[in-house]
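> Below you'll find entry.pdb; it's PDB, C-alpha atoms.
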```
ATOM      1  CA  MET A 951       0.000   0.000   0.000  1.00  0.00           C
ATOM      2  CA  ASP A 952       1.282   3.458  -0.886  1.00  0.00           C
ATOM      3  CA  PRO A 953       1.965   5.254   2.432  1.00  0.00           C
ATOM      4  CA  GLU A 954       1.891   8.740   0.891  1.00  0.00           C
ATOM      5  CA  PRO A 955      -1.777   9.522   1.723  1.00  0.00           C
ATOM      6  CA  ASP A 956      -1.074   8.738   5.383  1.00  0.00           C
ATOM      7  CA  ARG A 957       1.796  11.226   5.479  1.00  0.00           C
ATOM      8  CA  GLN A 958      -0.339  13.836   3.777  1.00  0.00           C
ATOM      9  CA  ALA A 959      -3.121  13.266   6.295  1.00  0.00           C
ATOM     10  CA  LEU A 960      -0.645  13.518   9.175  1.00  0.00           C
ATOM     11  CA  THR A 961       0.756  16.766   7.811  1.00  0.00           C
ATOM     12  CA  HIS A 962      -2.690  18.307   7.416  1.00  0.00           C
ATOM     13  CA  ALA A 963      -3.668  17.193  10.924  1.00  0.00           C
ATOM     14  CA  VAL A 964      -0.506  18.654  12.461  1.00  0.00           C
ATOM     15  CA  ARG A 965      -1.023  22.020  10.810  1.00  0.00           C
ATOM     16  CA  ALA A 966      -4.697  22.133  11.752  1.00  0.00           C
ATOM     17  CA  VAL A 967      -4.160  21.282  15.432  1.00  0.00           C
ATOM     18  CA  LEU A 968      -1.391  23.880  15.805  1.00  0.00           C
ATOM     19  CA  GLU A 969      -3.436  26.652  14.227  1.00  0.00           C
ATOM     20  CA  ARG A 970      -6.491  25.783  16.331  1.00  0.00           C
ATOM     21  CA  ASP A 971      -4.447  25.790  19.512  1.00  0.00           C
ATOM     22  CA  CYS A 972      -3.105  29.320  19.101  1.00  0.00           C
ATOM     23  CA  PRO A 973      -5.457  32.010  17.755  1.00  0.00           C
ATOM     24  CA  GLY A 974      -3.637  34.322  15.396  1.00  0.00           C
ATOM     25  CA  SER A 975      -0.996  31.747  14.492  1.00  0.00           C
ATOM     26  CA  ARG A 976      -0.360  30.251  11.079  1.00  0.00           C
ATOM     27  CA  THR A 977       1.563  27.315   9.643  1.00  0.00           C
ATOM     28  CA  LEU A 978       3.575  26.938   6.470  1.00  0.00           C
ATOM     29  CA  LEU A 979       4.666  23.769   4.728  1.00  0.00           C
ATOM     30  CA  LEU A 980       8.397  23.760   3.964  1.00  0.00           C
ATOM     31  CA  GLY A 981      10.936  21.497   2.313  1.00  0.00           C
ATOM     32  CA  SER A 982      10.322  18.817  -0.268  1.00  0.00           C
ATOM     33  CA  LEU A 983       6.640  18.412   0.592  1.00  0.00           C
ATOM     34  CA  ALA A 984       6.084  22.084  -0.189  1.00  0.00           C
ATOM     35  CA  ALA A 985       8.176  21.844  -3.361  1.00  0.00           C
ATOM     36  CA  GLY A 986       6.369  18.738  -4.600  1.00  0.00           C
ATOM     37  CA  THR A 987       9.605  16.746  -4.747  1.00  0.00           C
ATOM     38  CA  ALA A 988       9.028  14.460  -1.748  1.00  0.00           C
ATOM     39  CA  ASP A 989       9.558  10.718  -1.899  1.00  0.00           C
ATOM     40  CA  HIS A 990       8.787   7.951   0.611  1.00  0.00           C
ATOM     41  CA  PHE A 991      11.877   8.908   2.625  1.00  0.00           C
ATOM     42  CA  SER A 992      11.074  12.605   3.023  1.00  0.00           C
ATOM     43  CA  ASP A 993      10.397  14.032   6.452  1.00  0.00           C
ATOM     44  CA  ILE A 994       7.771  16.648   7.296  1.00  0.00           C
ATOM     45  CA  ASP A 995       8.901  20.266   7.531  1.00  0.00           C
ATOM     46  CA  VAL A 996       6.420  22.720   9.040  1.00  0.00           C
ATOM     47  CA  GLU A 997       6.824  26.258  10.346  1.00  0.00           C
ATOM     48  CA  TRP A 998       4.495  27.543  13.063  1.00  0.00           C
ATOM     49  CA  VAL A 999       4.415  31.328  13.315  1.00  0.00           C
ATOM     50  CA  VAL A1000       2.846  32.527  16.554  1.00  0.00           C
ATOM     51  CA  PRO A1001       2.195  35.951  18.132  1.00  0.00           C
ATOM     52  CA  ASP A1002       5.229  37.133  20.090  1.00  0.00           C
ATOM     53  CA  GLU A1003       3.329  37.186  23.379  1.00  0.00           C
ATOM     54  CA  ALA A1004       2.274  33.547  22.875  1.00  0.00           C
ATOM     55  CA  PHE A1005       5.708  32.170  21.943  1.00  0.00           C
ATOM     56  CA  ALA A1006       6.732  30.795  25.345  1.00  0.00           C
ATOM     57  CA  ALA A1007       3.308  29.316  26.106  1.00  0.00           C
ATOM     58  CA  CYS A1008       3.107  27.626  22.705  1.00  0.00           C
ATOM     59  CA  LEU A1009       6.503  26.010  23.235  1.00  0.00           C
ATOM     60  CA  ALA A1010       5.514  24.800  26.697  1.00  0.00           C
ATOM     61  CA  ARG A1011       2.493  22.901  25.418  1.00  0.00           C
ATOM     62  CA  VAL A1012       3.518  21.928  21.889  1.00  0.00           C
ATOM     63  CA  ALA A1013       4.078  18.249  22.726  1.00  0.00           C
ATOM     64  CA  ASP A1014       0.637  17.984  24.331  1.00  0.00           C
ATOM     65  CA  VAL A1015      -0.912  19.705  21.323  1.00  0.00           C
ATOM     66  CA  LEU A1016       0.718  17.279  18.897  1.00  0.00           C
ATOM     67  CA  ARG A1017      -0.492  14.320  20.977  1.00  0.00           C
ATOM     68  CA  ARG A1018      -3.996  15.262  19.872  1.00  0.00           C
ATOM     69  CA  VAL A1019      -2.921  14.037  16.426  1.00  0.00           C
ATOM     70  CA  ARG A1020      -1.195  10.817  17.515  1.00  0.00           C
ATOM     71  CA  PRO A1021       1.148   9.578  20.266  1.00  0.00           C
ATOM     72  CA  VAL A1022       4.494  11.372  20.420  1.00  0.00           C
ATOM     73  CA  ALA A1023       7.530   9.183  21.013  1.00  0.00           C
ATOM     74  CA  ALA A1024      10.110  11.943  21.460  1.00  0.00           C
ATOM     75  CA  VAL A1025      10.724  15.667  21.051  1.00  0.00           C
ATOM     76  CA  ARG A1026      14.246  17.053  20.705  1.00  0.00           C
ATOM     77  CA  CYS A1027      15.332  20.661  20.305  1.00  0.00           C
ATOM     78  CA  ASP A1028      18.015  21.799  17.902  1.00  0.00           C
ATOM     79  CA  PRO A1029      20.820  22.971  20.211  1.00  0.00           C
ATOM     80  CA  ASP A1030      21.565  25.994  18.019  1.00  0.00           C
ATOM     81  CA  TYR A1031      18.309  27.682  19.088  1.00  0.00           C
ATOM     82  CA  ARG A1032      17.659  26.050  22.454  1.00  0.00           C
ATOM     83  CA  HIS A1033      17.673  29.372  24.337  1.00  0.00           C
ATOM     84  CA  SER A1034      16.505  31.721  21.602  1.00  0.00           C
ATOM     85  CA  ASP A1035      13.815  34.089  22.812  1.00  0.00           C
ATOM     86  CA  ARG A1036      11.856  33.972  19.548  1.00  0.00           C
ATOM     87  CA  ARG A1037      12.903  30.899  17.621  1.00  0.00           C
ATOM     88  CA  ARG A1038      13.077  27.112  18.092  1.00  0.00           C
ATOM     89  CA  LEU A1039      13.546  24.076  15.864  1.00  0.00           C
ATOM     90  CA  LEU A1040      11.954  20.920  17.267  1.00  0.00           C
ATOM     91  CA  PHE A1041      12.451  17.367  16.017  1.00  0.00           C
ATOM     92  CA  VAL A1042       9.327  15.341  16.728  1.00  0.00           C
ATOM     93  CA  ARG A1043       9.090  11.575  16.349  1.00  0.00           C
ATOM     94  CA  PHE A1044       5.592  10.132  16.331  1.00  0.00           C
ATOM     95  CA  ALA A1045       5.033   6.610  17.647  1.00  0.00           C
ATOM     96  CA  GLU A1046       4.409   3.755  15.226  1.00  0.00           C
ATOM     97  CA  LEU A1047       5.279   5.700  12.116  1.00  0.00           C
ATOM     98  CA  PRO A1048       8.284   5.292   9.782  1.00  0.00           C
ATOM     99  CA  LEU A1049      11.398   6.850  11.287  1.00  0.00           C
ATOM    100  CA  PHE A1050      11.837   8.765   8.047  1.00  0.00           C
ATOM    101  CA  TRP A1051       8.683  10.767   8.761  1.00  0.00           C
ATOM    102  CA  ARG A1052      10.111  12.942  11.501  1.00  0.00           C
ATOM    103  CA  LEU A1053       8.375  16.267  11.999  1.00  0.00           C
ATOM    104  CA  ASP A1054      10.866  19.136  11.858  1.00  0.00           C
ATOM    105  CA  LEU A1055       8.838  21.916  13.452  1.00  0.00           C
ATOM    106  CA  SER A1056      10.191  25.447  13.260  1.00  0.00           C
ATOM    107  CA  VAL A1057       8.477  27.687  15.827  1.00  0.00           C
ATOM    108  CA  ARG A1058       8.915  31.410  15.304  1.00  0.00           C
ATOM    109  CA  ALA A1059       7.567  34.558  16.863  1.00  0.00           C
ATOM    110  CA  GLU A1060       5.755  36.746  14.364  1.00  0.00           C
ATOM    111  CA  SER A1061       8.284  39.575  14.717  1.00  0.00           C
ATOM    112  CA  VAL A1062      11.136  37.419  13.316  1.00  0.00           C
ATOM    113  CA  ALA A1063       9.133  35.205  10.977  1.00  0.00           C
ATOM    114  CA  ASP A1064      10.740  36.797   7.917  1.00  0.00           C
ATOM    115  CA  ASP A1065      14.288  36.843   9.292  1.00  0.00           C
ATOM    116  CA  PRO A1066      16.029  33.564   8.369  1.00  0.00           C
ATOM    117  CA  ASP A1067      19.186  34.594  10.231  1.00  0.00           C
ATOM    118  CA  TYR A1068      17.617  35.524  13.557  1.00  0.00           C
ATOM    119  CA  ASP A1069      19.823  34.115  16.360  1.00  0.00           C
ATOM    120  CA  ARG A1070      21.728  31.967  13.862  1.00  0.00           C
ATOM    121  CA  HIS A1071      25.093  33.097  15.189  1.00  0.00           C
ATOM    122  CA  ASN A1072      24.050  34.119  18.683  1.00  0.00           C
ATOM    123  CA  PRO A1073      26.102  32.095  21.218  1.00  0.00           C
ATOM    124  CA  ARG A1074      23.581  32.889  23.956  1.00  0.00           C
ATOM    125  CA  ALA A1075      20.865  31.091  21.966  1.00  0.00           C
ATOM    126  CA  ARG A1076      22.843  27.866  21.790  1.00  0.00           C
ATOM    127  CA  ALA A1077      22.549  25.067  24.344  1.00  0.00           C
ATOM    128  CA  ARG A1078      25.535  24.028  26.447  1.00  0.00           C
ATOM    129  CA  ASP A1079      27.274  20.901  25.200  1.00  0.00           C
ATOM    130  CA  ASP A1080      25.958  18.927  28.161  1.00  0.00           C
ATOM    131  CA  ALA A1081      22.362  20.118  27.673  1.00  0.00           C
ATOM    132  CA  TRP A1082      21.499  18.036  24.610  1.00  0.00           C
ATOM    133  CA  SER A1083      21.809  14.366  23.750  1.00  0.00           C
ATOM    134  CA  ARG A1084      24.711  13.580  21.471  1.00  0.00           C
ATOM    135  CA  PRO A1085      23.707   9.883  21.243  1.00  0.00           C
ATOM    136  CA  ALA A1086      20.194  10.869  20.098  1.00  0.00           C
ATOM    137  CA  SER A1087      21.755  13.158  17.511  1.00  0.00           C
ATOM    138  CA  ALA A1088      24.012  10.311  16.330  1.00  0.00           C
ATOM    139  CA  LEU A1089      20.957   8.097  15.925  1.00  0.00           C
ATOM    140  CA  ALA A1090      19.361  10.795  13.790  1.00  0.00           C
ATOM    141  CA  ASN A1091      22.481  10.550  11.618  1.00  0.00           C
ATOM    142  CA  VAL A1092      21.949   6.790  11.404  1.00  0.00           C
ATOM    143  CA  VAL A1093      18.431   7.292  10.050  1.00  0.00           C
ATOM    144  CA  GLY A1094      19.741   9.961   7.693  1.00  0.00           C
ATOM    145  CA  ALA A1095      22.414   7.569   6.408  1.00  0.00           C
ATOM    146  CA  VAL A1096      19.826   4.868   5.714  1.00  0.00           C
ATOM    147  CA  LYS A1097      17.762   7.456   3.849  1.00  0.00           C
ATOM    148  CA  ALA A1098      20.787   8.578   1.828  1.00  0.00           C
ATOM    149  CA  LEU A1099      21.666   5.020   0.838  1.00  0.00           C
ATOM    150  CA  ALA A1100      18.085   4.244  -0.132  1.00  0.00           C
ATOM    151  CA  ARG A1101      18.330   7.269  -2.426  1.00  0.00           C
ATOM    152  CA  HIS A1102      21.673   6.015  -3.807  1.00  0.00           C
ATOM    153  CA  ARG A1103      23.734   8.808  -2.265  1.00  0.00           C
ATOM    154  CA  PRO A1104      26.642   6.972  -0.624  1.00  0.00           C
ATOM    155  CA  GLU A1105      28.784  10.090  -0.165  1.00  0.00           C
ATOM    156  CA  ASP A1106      26.032  11.694   1.915  1.00  0.00           C
ATOM    157  CA  ALA A1107      25.763   8.502   3.963  1.00  0.00           C
ATOM    158  CA  ARG A1108      29.522   8.437   4.538  1.00  0.00           C
ATOM    159  CA  GLY A1109      29.489  11.988   5.872  1.00  0.00           C
ATOM    160  CA  LEU A1110      26.514  11.336   8.157  1.00  0.00           C
ATOM    161  CA  LEU A1111      28.117   8.242   9.671  1.00  0.00           C
ATOM    162  CA  ASP A1112      31.503   9.899  10.137  1.00  0.00           C
ATOM    163  CA  ARG A1113      29.879  12.846  11.919  1.00  0.00           C
ATOM    164  CA  GLY A1114      27.776  10.480  14.007  1.00  0.00           C
ATOM    165  CA  PHE A1115      30.831   8.556  15.239  1.00  0.00           C
ATOM    166  CA  ALA A1116      32.618  11.827  15.997  1.00  0.00           C
ATOM    167  CA  ARG A1117      29.607  13.254  17.833  1.00  0.00           C
ATOM    168  CA  ILE A1118      29.661  10.507  20.448  1.00  0.00           C
ATOM    169  CA  GLY A1119      33.455  10.169  20.584  1.00  0.00           C
ATOM    170  CA  GLU A1120      33.343   6.722  19.044  1.00  0.00           C
ATOM    171  CA  PRO A1121      36.322   5.881  16.822  1.00  0.00           C
ATOM    172  CA  PRO A1122      35.402   4.926  13.266  1.00  0.00           C
ATOM    173  CA  PRO A1123      36.152   1.344  12.220  1.00  0.00           C
ATOM    174  CA  ALA A1124      39.888   0.689  12.147  1.00  0.00           C
ATOM    175  CA  GLY A1125      42.070  -1.736  10.235  1.00  0.00           C
ATOM    176  CA  ALA A1126      40.285  -4.255   8.049  1.00  0.00           C
ATOM    177  CA  ALA A1127      36.941  -3.299   9.578  1.00  0.00           C
ATOM    178  CA  GLY A1128      37.459   0.263   8.370  1.00  0.00           C
ATOM    179  CA  ALA A1129      38.586  -0.623   4.866  1.00  0.00           C
ATOM    180  CA  ARG A1130      36.710   0.770   1.901  1.00  0.00           C
ATOM    181  CA  ASP A1131      36.282  -0.635  -1.572  1.00  0.00           C
ATOM    182  CA  ALA A1132      36.867   1.336  -4.772  1.00  0.00           C
ATOM    183  CA  ALA A1133      33.403   2.851  -4.503  1.00  0.00           C
ATOM    184  CA  GLY A1134      33.971   3.914  -0.902  1.00  0.00           C
ATOM    185  CA  GLU A1135      31.675   1.290   0.616  1.00  0.00           C
ATOM    186  CA  PRO A1136      32.716  -0.137   4.004  1.00  0.00           C
ATOM    187  CA  ALA A1137      34.338  -3.535   3.609  1.00  0.00           C
ATOM    188  CA  ALA A1138      31.929  -5.003   6.141  1.00  0.00           C
ATOM    189  CA  GLY A1139      28.972  -3.446   4.337  1.00  0.00           C
ATOM    190  CA  TRP A1140      26.925  -0.349   5.031  1.00  0.00           C
ATOM    191  CA  ALA A1141      24.414  -2.173   7.219  1.00  0.00           C
ATOM    192  CA  ALA A1142      27.149  -3.390   9.563  1.00  0.00           C
ATOM    193  CA  GLU A1143      28.607   0.091   9.998  1.00  0.00           C
ATOM    194  CA  ILE A1144      25.151   1.587  10.545  1.00  0.00           C
ATOM    195  CA  ALA A1145      24.459  -1.041  13.202  1.00  0.00           C
ATOM    196  CA  ARG A1146      27.785  -0.302  14.890  1.00  0.00           C
ATOM    197  CA  LEU A1147      26.980   3.401  15.245  1.00  0.00           C
ATOM    198  CA  ALA A1148      23.406   2.750  16.387  1.00  0.00           C
ATOM    199  CA  ARG A1149      24.500   0.307  19.072  1.00  0.00           C
ATOM    200  CA  ALA A1150      27.323   2.576  20.243  1.00  0.00           C
ATOM    201  CA  ALA A1151      24.811   5.393  20.726  1.00  0.00           C
ATOM    202  CA  ALA A1152      22.518   3.097  22.696  1.00  0.00           C
ATOM    203  CA  ARG A1153      25.372   1.973  24.949  1.00  0.00           C
ATOM    204  CA  GLN A1154      25.985   5.593  25.912  1.00  0.00           C
ATOM    205  CA  GLU A1155      22.287   6.300  26.483  1.00  0.00           C
ATOM    206  CA  PRO A1156      20.490   2.990  27.197  1.00  0.00           C
ATOM    207  CA  GLU A1157      16.967   4.443  26.934  1.00  0.00           C
ATOM    208  CA  LEU A1158      17.699   4.864  23.218  1.00  0.00           C
ATOM    209  CA  GLY A1159      17.948   1.088  22.834  1.00  0.00           C
ATOM    210  CA  PRO A1160      14.514   0.582  21.222  1.00  0.00           C
ATOM    211  CA  LEU A1161      15.138   3.421  18.767  1.00  0.00           C
ATOM    212  CA  ALA A1162      18.561   2.007  17.898  1.00  0.00           C
ATOM    213  CA  ALA A1163      16.988  -1.393  17.233  1.00  0.00           C
ATOM    214  CA  GLN A1164      14.437   0.236  14.925  1.00  0.00           C
ATOM    215  CA  ALA A1165      17.222   2.011  13.055  1.00  0.00           C
ATOM    216  CA  VAL A1166      19.154  -1.247  12.604  1.00  0.00           C
ATOM    217  CA  GLU A1167      16.014  -2.967  11.332  1.00  0.00           C
ATOM    218  CA  LEU A1168      15.474  -0.075   8.946  1.00  0.00           C
ATOM    219  CA  ALA A1169      18.934  -0.650   7.481  1.00  0.00           C
ATOM    220  CA  THR A1170      18.174  -4.307   6.815  1.00  0.00           C
ATOM    221  CA  ARG A1171      15.114  -3.239   4.812  1.00  0.00           C
ATOM    222  CA  TYR A1172      16.442  -0.303   2.826  1.00  0.00           C
ATOM    223  CA  VAL A1173      20.239  -0.468   2.589  1.00  0.00           C
ATOM    224  CA  PRO A1174      21.515  -2.188  -0.586  1.00  0.00           C
ATOM    225  CA  THR A1175      23.574  -5.312   0.054  1.00  0.00           C
ATOM    226  CA  ARG A1176      26.566  -6.720  -1.766  1.00  0.00           C
ATOM    227  CA  ARG A1177      26.258  -9.607  -4.109  1.00  0.00           C
ATOM    228  CA  ALA A1178      28.630 -12.370  -3.113  1.00  0.00           C
ATOM    229  CA  GLY A1179      31.972 -11.723  -4.754  1.00  0.00           C
ATOM    230  CA  GLY A1180      30.621  -8.735  -6.642  1.00  0.00           C
ATOM    231  CA  PRO A1181      29.703  -5.078  -6.360  1.00  0.00           C
ATOM    232  CA  GLU A1182      26.914  -3.584  -4.363  1.00  0.00           C
ATOM    233  CA  GLY A1183      23.532  -4.899  -5.339  1.00  0.00           C
ATOM    234  CA  GLY A1184      20.302  -3.055  -5.362  1.00  0.00           C
TER     235      GLY A1184
END
```
Take the structure in this file and express it as structure tokens.


Amino acid sequence: MDPEPDRQALTHAVRAVLERDCPGSRTLLLGSLAAGTADHFSDIDVEWVVPDEAFAACLARVADVLRRVRPVAAVRCDPDYRHSDRRRLLFVRFAELPLFWRLDLSVRAESVADDPDYDRHNPRARARDDAWSRPASALANVVGAVKALARHRPEDARGLLDRGFARIGEPPPAGAAGARDAAGEPAAGWAAEIARLARAAARQEPELGPLAAQAVELATRYVPTRRAGGPEGG
């Protein structure tokens, strides 16, 4: 069954519940869904513009508001805007939906809605290094790497995995385990390296274990595998 109508329905429901919750607010669809270029692996990008005086209250209850649509498994905040007075970027994972369909929710006060650079380089807006979960961020890189490989973009996947290992202080595969073939694929296979990063993240933050297991299972479904003795298969 084509899952696209379900994602469309979810997107419409999210926008409707946010606008109903805050009078005078509005939502905009962003990213590939707005451009009409989305595929099965595309996430959901929405901006919620709220009156300045309602900004703090809207942030405080946003998870409860989204639960009116469906159960929320997790909400993370982009550390770059964690303490911004008029801007946030939230990463919302809904329960029992594909991990690809994360909601990236930009929340902005009306007064800075048209300023893409507001607080972008403000050090006071950024979270302290110990105030956000590096393992959760590394797992987001795992999902991004699976997505990149499913789209046949191995260079993107390589960068995501390398940054994920670095983010949690985990050394990349060494020796034979870290070897690459002529195409840059890990000698052990992409799925094995994805699993290694996912499990390393879960060791550092055990409550992420179920999410790591889902990410590993995702790789077995979507990451191309090698043919025995030959190049990567599809």

> Which residues come within 9 Å of stretch 1085-1095 of chain A, counting only C-alpha atoms, excluding same-chain residues fewer than 3 positions away, as a PyMOL selection string?

chain A and resi 1026+1049-1050+1082+1098-1100+1103-1104+1106-1111+1113-1118+1144-1145+1147-1148+1150-1155+1158+1161-1162+1165-1166+1168-1169

> Give one line per residue of stretch 1024-1082 of chain A that approaches stretch 959-980 of chain A to at most 10 Å, naming the two atoms of the closest pair and their distance in Å to one decimal, counting all atoms listed in the file; sort by chain then ascending residue number and deliver it as a tab-separated table.


```
residue	atom	partner	partner_atom	distance
A:Trp1051	CA	A:Leu960	CA	9.7
A:Leu1053	CA	A:Thr961	CA	8.7
A:Asp1054	CA	A:Leu980	CA	9.5
A:Leu1055	CA	A:Leu980	CA	9.7
A:Ser1056	CA	A:Thr977	CA	9.5
A:Val1057	CA	A:Thr977	CA	9.3
A:Arg1058	CA	A:Ser975	CA	9.9
A:Ala1059	CA	A:Ser975	CA	9.3
A:Glu1060	CA	A:Ser975	CA	8.4
```

> Around (14.2, 21.5, 19.7), as given in the file, which residues come within 12 Å? Count only C-alpha atoms and list them as a count of residues only.

34

> Quick one: apply the PyMOL selection byres ((chain A and resi 1002) around 10) to the file and drop the selected residues here as a list in words.

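This file gives the following for the PyMOL selection byres ((chain A and resi 1002) around 10): Ser975, Val999, Val1000, Pro1001, Glu1003, Ala1004, Phe1005, Ala1006, Asp1035, Arg1036, Arg1058, Ala1059, Glu1060, Ser1061 and Val1062 of chain A.
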
> For atom CA of A:Gly1119 and atom CA of A:Gln1164, determine how far apart the two atoms are, in Å to one decimal place.

22.2 Å

> Can you work out the spacing between atom CA of A:Ala1142 and atom CA of A:Val1096 in Å, to one decimal?

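Interatomic distance, atom CA of A:Ala1142 to atom CA of A:Val1096: 11.7 Å.
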
> Atom CA of A:Glu1143 to atom CA of A:Asp1112: how many Å, to one decimal?

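A separation of 10.2 Å between them.
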
> Run the PyMOL selection byres ((chain A and resi 1022) around 10) mentally over the shown coordinates, then write out the matched residues as a list in words, using the chain letters and numbers from the document.

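Checking the PyMOL selection byres ((chain A and resi 1022) around 10) against this file, the residues are Ala1013, Asp1014, Val1015, Leu1016, Arg1017, Arg1018, Val1019, Arg1020, Pro1021, Ala1023, Ala1024, Val1025, Val1042, Arg1043, Phe1044, Ala1045 and Glu1046 of chain A.
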
> Using all atoms listed in the file, which of A:Arg1078, A:Lys1097, A:His1102, A:Arg1149 sits nearest A:His990?

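So, comparing all the options, the nearest one is A:Lys1097.
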
> First collect every listed atom of stretch 965-969 of chain A; then fit an axis-aligned box around them, widen it by 5 Å on each side, and give centre and edge lengths in Å to one decimal, as JSON.


```
{"center_x": -2.9, "center_y": 24.0, "center_z": 13.3, "size_x": 13.7, "size_y": 15.4, "size_z": 15.0}
```
